[in-house]
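See structure below.
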Amino acid sequence: GGCYDIQPVVVSINSPTGDISGSATICVGQSTTLSIDVTGVAPWSGTLSDGTVFSGSTSPLTVNVSPTSTTTYTISTLIDANCTAQSADKTGSAVITVTPLPTTANAGSDQSPCGASATLAGNTPLVGTGSWSIISGSGGSFSDASNPASTFNGSIGTTYVVRWSISNSPCNISTDDVSIAFTGGTWIGSVDNNWYNAANWCGGSVPSGIIDLTLPAGLSNYPSVSGTITIGNISI
């Protein structure tokens with residue numbers, strides 16, 4: 001027999017690696033982009049833990065996802081031009097938290113209260129947080145801007161537009177507006193027929209200047225005037 005020289009042979013397997021990231025919070029119906037840092041020989045392809053397919057030729061790879069509920073994504077499979085990644089070569093995770101839409105805002109019906117105070121009638125949010133704000137009209141204030149039934153105080157003779165907003169970030173805010181008209185020329189005649197008695201007027205204040213007068217039907221007392229009163233419009 002002859003002589004033999006046996007040399008060890010080292011076989012290197014350069015399997016691809018992938019590391020996924022991109023945790024985020026989105027509103028239901030929105031999408032977001034995950035990032036996968038890869039090594040190996042381009043191109044790469046694979047699937048995520050929910051079956052979403054990805055591919056690309058440049059690291060990092062990107063993949064859009066639109067979960068309908070909070071989902072944790074990992075790399076399920078990864079292949080480069082030569083090999084398939086082993087389990088230990090697929091690392092990282094991305095948690096996409098899905099936030100529900102806020103309750104649709106409802107500010108209630110328009111109001112024309114007697115006096116300079118009104119009780120608002122917004123809806124109570126089932127999802128999200130509500131708040132009132134003034135859109136138009138000066139000098140108004142809320143007793144509690146976060147209360148759907150807040151008291152709103154303003155000035156007699158001023159019409160306000162106030163907004164009820166319900167938010168649940170990062171979703172779009174739901175809003176609804178309501179008009180509050182504080183009338184100052186409505187006669188209620190609760191005491192007598194004396195025009196100058198403040199108790200006979202809605203809001204407890206005798207109107208002055210050029211006024212728009214409202215005389216509701218069915219009152220016990222109607223005004224008697226001595227002197228000159230300037231009326232712009234009268235509603236009976």
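To be explicit about the labels: the chains of the structure tokens are called A, B, and onward in the order shown, and within each one the residues are counted from 1, while ligands get numbers from 1 in the order they are shown.
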Would you pick out the contacts of Gly22 of chain A at 8 Å or less, using only C-alpha atoms, so that residues sharing its chain but fewer than 2 positions from it are not included, and give the list as a PDB file with N, CA and C atoms, in the first residue's frame?
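File produced: around.pdb:
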ATOM      1  N   ILE A  20     -34.821  42.882  13.018  1.00  0.00           N
ATOM      2  CA  ILE A  20     -36.002  43.705  12.747  1.00  0.00           C
ATOM      3  C   ILE A  20     -36.228  44.713  13.866  1.00  0.00           C
ATOM      4  N   ALA A  24     -43.872  51.032  17.092  1.00  0.00           N
ATOM      5  CA  ALA A  24     -44.576  52.305  16.925  1.00  0.00           C
ATOM      6  C   ALA A  24     -46.012  52.157  17.421  1.00  0.00           C
ATOM      7  N   THR A  33     -43.958  51.571   8.885  1.00  0.00           N
ATOM      8  CA  THR A  33     -42.873  50.890   8.186  1.00  0.00           C
ATOM      9  C   THR A  33     -41.903  50.261   9.182  1.00  0.00           C
ATOM     10  N   LEU A  34     -41.629  48.968   8.989  1.00  0.00           N
ATOM     11  CA  LEU A  34     -40.632  48.253   9.781  1.00  0.00           C
ATOM     12  C   LEU A  34     -39.311  48.222   9.020  1.00  0.00           C
ATOM     13  N   SER A  35     -38.219  48.085   9.772  1.00  0.00           N
ATOM     14  CA  SER A  35     -36.883  48.069   9.183  1.00  0.00           C
ATOM     15  C   SER A  35     -36.183  46.759   9.525  1.00  0.00           C
ATOM     16  N   ALA A  94     -40.585  43.947  16.629  1.00  0.00           N
ATOM     17  CA  ALA A  94     -41.219  45.267  16.517  1.00  0.00           C
ATOM     18  C   ALA A  94     -42.656  45.147  16.990  1.00  0.00           C
ATOM     19  N   VAL A  95     -43.011  45.939  18.000  1.00  0.00           N
ATOM     20  CA  VAL A  95     -44.369  45.919  18.535  1.00  0.00           C
ATOM     21  C   VAL A  95     -45.123  47.121  17.972  1.00  0.00           C
TER      22      VAL A  95
END
For this session: Excluding Gly115 of chain A and any residue of its chain fewer than 2 positions from it, enumerate the residues within 9 Å of it, using only C-alpha atoms, and give them as a PyMOL selection string.
Result: chain A and resi 112-113+117-118+154-156+182-184+201-205
Exercise. Could you pull the residues within 10 Å of Asn106 of chain A, counting only C-alpha atoms, minus those fewer than 6 positions along the same chain, as number ranges by chain?
Worked result: A: 121-125, 148, 163-166, 174-178
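Nearest residue to Pro102 of chain A among A:Leu120, A:Ala145, A:Val28, A:Leu48 is A:Val28, counting only C-alpha atoms.
With atom CA of Cys83 of chain A on one side and atom CA of Val65 of chain A on the other, the separation reads 25.9 Å.
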Exercise. So how many Å separate atom CA of Ser55 of chain A and atom CA of Val98 of chain A, to one decimal?
Worked result: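 About the pair atom CA of Ser55 of chain A and atom CA of Val98 of chain A: they are 24.9 Å apart.
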For this session: Would you work out the distance separating atom CA of Ala217 of chain A from atom CA of Asn193 of chain A, expressed in Å to one decimal?
Result: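 Those two atoms sit 14.5 Å apart.
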For this session: Apply DSSP to the backbone of this structure and, from segment 86-219 of chain A, keep only the residues in strand (DSSP E); write these as a ChimeraX atom specification.
Result: /A:90-92,94-99,117-119,129-136,141-142,151-153,159-167,174-181,211-214
Problem set entry | Surrounding residues of Ile236 of chain A excluding itself and chain neighbours under 4 positions, 12 Å, only C-alpha atoms, as a PyMOL selection string | chain A and resi 185-187+212-219+222
Written selection (N, CA and C atoms) as a PDB file, in the first residue's frame:
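Just written: out_9.pdb:
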ATOM      1  N   GLY A 185     -82.795  90.737  25.240  1.00  0.00           N
ATOM      2  CA  GLY A 185     -83.987  91.545  25.007  1.00  0.00           C
ATOM      3  C   GLY A 185     -85.268  90.753  25.098  1.00  0.00           C
ATOM      4  N   THR A 186     -85.275  89.717  25.919  1.00  0.00           N
ATOM      5  CA  THR A 186     -86.479  88.894  26.076  1.00  0.00           C
ATOM      6  C   THR A 186     -87.193  89.255  27.376  1.00  0.00           C
ATOM      7  N   TRP A 187     -88.439  89.684  27.216  1.00  0.00           N
ATOM      8  CA  TRP A 187     -89.278  90.056  28.364  1.00  0.00           C
ATOM      9  C   TRP A 187     -89.931  88.803  28.924  1.00  0.00           C
ATOM     10  N   ASP A 212     -83.277  94.395  20.201  1.00  0.00           N
ATOM     11  CA  ASP A 212     -84.204  93.496  19.517  1.00  0.00           C
ATOM     12  C   ASP A 212     -85.063  92.865  20.613  1.00  0.00           C
ATOM     13  N   LEU A 213     -86.350  93.203  20.610  1.00  0.00           N
ATOM     14  CA  LEU A 213     -87.248  92.819  21.694  1.00  0.00           C
ATOM     15  C   LEU A 213     -88.015  91.553  21.352  1.00  0.00           C
ATOM     16  N   THR A 214     -88.029  90.626  22.319  1.00  0.00           N
ATOM     17  CA  THR A 214     -88.833  89.405  22.179  1.00  0.00           C
ATOM     18  C   THR A 214     -89.884  89.397  23.273  1.00  0.00           C
ATOM     19  N   LEU A 215     -91.166  89.258  22.855  1.00  0.00           N
ATOM     20  CA  LEU A 215     -92.285  89.176  23.787  1.00  0.00           C
ATOM     21  C   LEU A 215     -92.956  87.818  23.604  1.00  0.00           C
ATOM     22  N   PRO A 216     -92.606  86.811  24.430  1.00  0.00           N
ATOM     23  CA  PRO A 216     -93.211  85.490  24.292  1.00  0.00           C
ATOM     24  C   PRO A 216     -94.710  85.535  24.570  1.00  0.00           C
ATOM     25  N   ALA A 217     -95.421  84.602  24.000  1.00  0.00           N
ATOM     26  CA  ALA A 217     -96.870  84.507  24.226  1.00  0.00           C
ATOM     27  C   ALA A 217     -97.159  83.884  25.591  1.00  0.00           C
ATOM     28  N   GLY A 218     -98.341  84.173  26.127  1.00  0.00           N
ATOM     29  CA  GLY A 218     -98.820  83.514  27.325  1.00  0.00           C
ATOM     30  C   GLY A 218     -98.269  84.035  28.627  1.00  0.00           C
ATOM     31  N   LEU A 219     -97.711  85.256  28.632  1.00  0.00           N
ATOM     32  CA  LEU A 219     -97.175  85.805  29.875  1.00  0.00           C
ATOM     33  C   LEU A 219     -98.283  86.455  30.705  1.00  0.00           C
ATOM     34  N   TYR A 222     -97.213  92.103  30.617  1.00  0.00           N
ATOM     35  CA  TYR A 222     -96.524  92.648  29.444  1.00  0.00           C
ATOM     36  C   TYR A 222     -96.091  94.083  29.772  1.00  0.00           C
TER      37      TYR A 222
END
Exercise. Gly209 of chain A: which residues within 9 Å, counting only C-alpha atoms, same-chain residues fewer than 6 positions away excluded, as JSON, numbers by chain?
Worked result: {"A": [229, 230, 231]}
Got time to write the residues from that selection, all heavy atoms, as a short mmCIF file (atom, residue, chain, number, x, y, z; two decimals), in the first residue's frame?
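Dumped everything to result-v4.cif:
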data_model
loop_
_atom_site.label_atom_id
_atom_site.label_comp_id
_atom_site.auth_asym_id
_atom_site.auth_seq_id
_atom_site.Cartn_x
_atom_site.Cartn_y
_atom_site.Cartn_z
N ILE A 229 -88.12 104.47 24.12
CA ILE A 229 -87.37 103.21 23.97
C ILE A 229 -87.12 103.01 22.48
O ILE A 229 -88.04 103.14 21.67
CB ILE A 229 -88.14 102.00 24.53
CG1 ILE A 229 -88.48 102.22 26.02
CG2 ILE A 229 -87.34 100.71 24.33
CD1 ILE A 229 -87.28 102.30 26.91
N THR A 230 -85.89 102.70 22.10
CA THR A 230 -85.55 102.46 20.69
C THR A 230 -85.45 100.97 20.45
O THR A 230 -84.63 100.28 21.07
CB THR A 230 -84.22 103.13 20.31
OG1 THR A 230 -84.32 104.54 20.61
CG2 THR A 230 -83.94 102.96 18.84
N ILE A 231 -86.32 100.47 19.58
CA ILE A 231 -86.37 99.01 19.29
C ILE A 231 -86.00 98.80 17.83
O ILE A 231 -86.55 99.43 16.92
CB ILE A 231 -87.77 98.46 19.57
CG1 ILE A 231 -88.09 98.58 21.08
CG2 ILE A 231 -87.88 97.01 19.12
CD1 ILE A 231 -89.49 98.14 21.44
#
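With only C-alpha atoms taken into account, the protein and nucleic acid residues at most 8 Å from Asn200 of chain A (excluding it and anything under 6 positions from it in its own chain) are Trp187, Ile188, Gly189, Ser190, Val191, Asp192, Asn193 and Asn194 of chain A.
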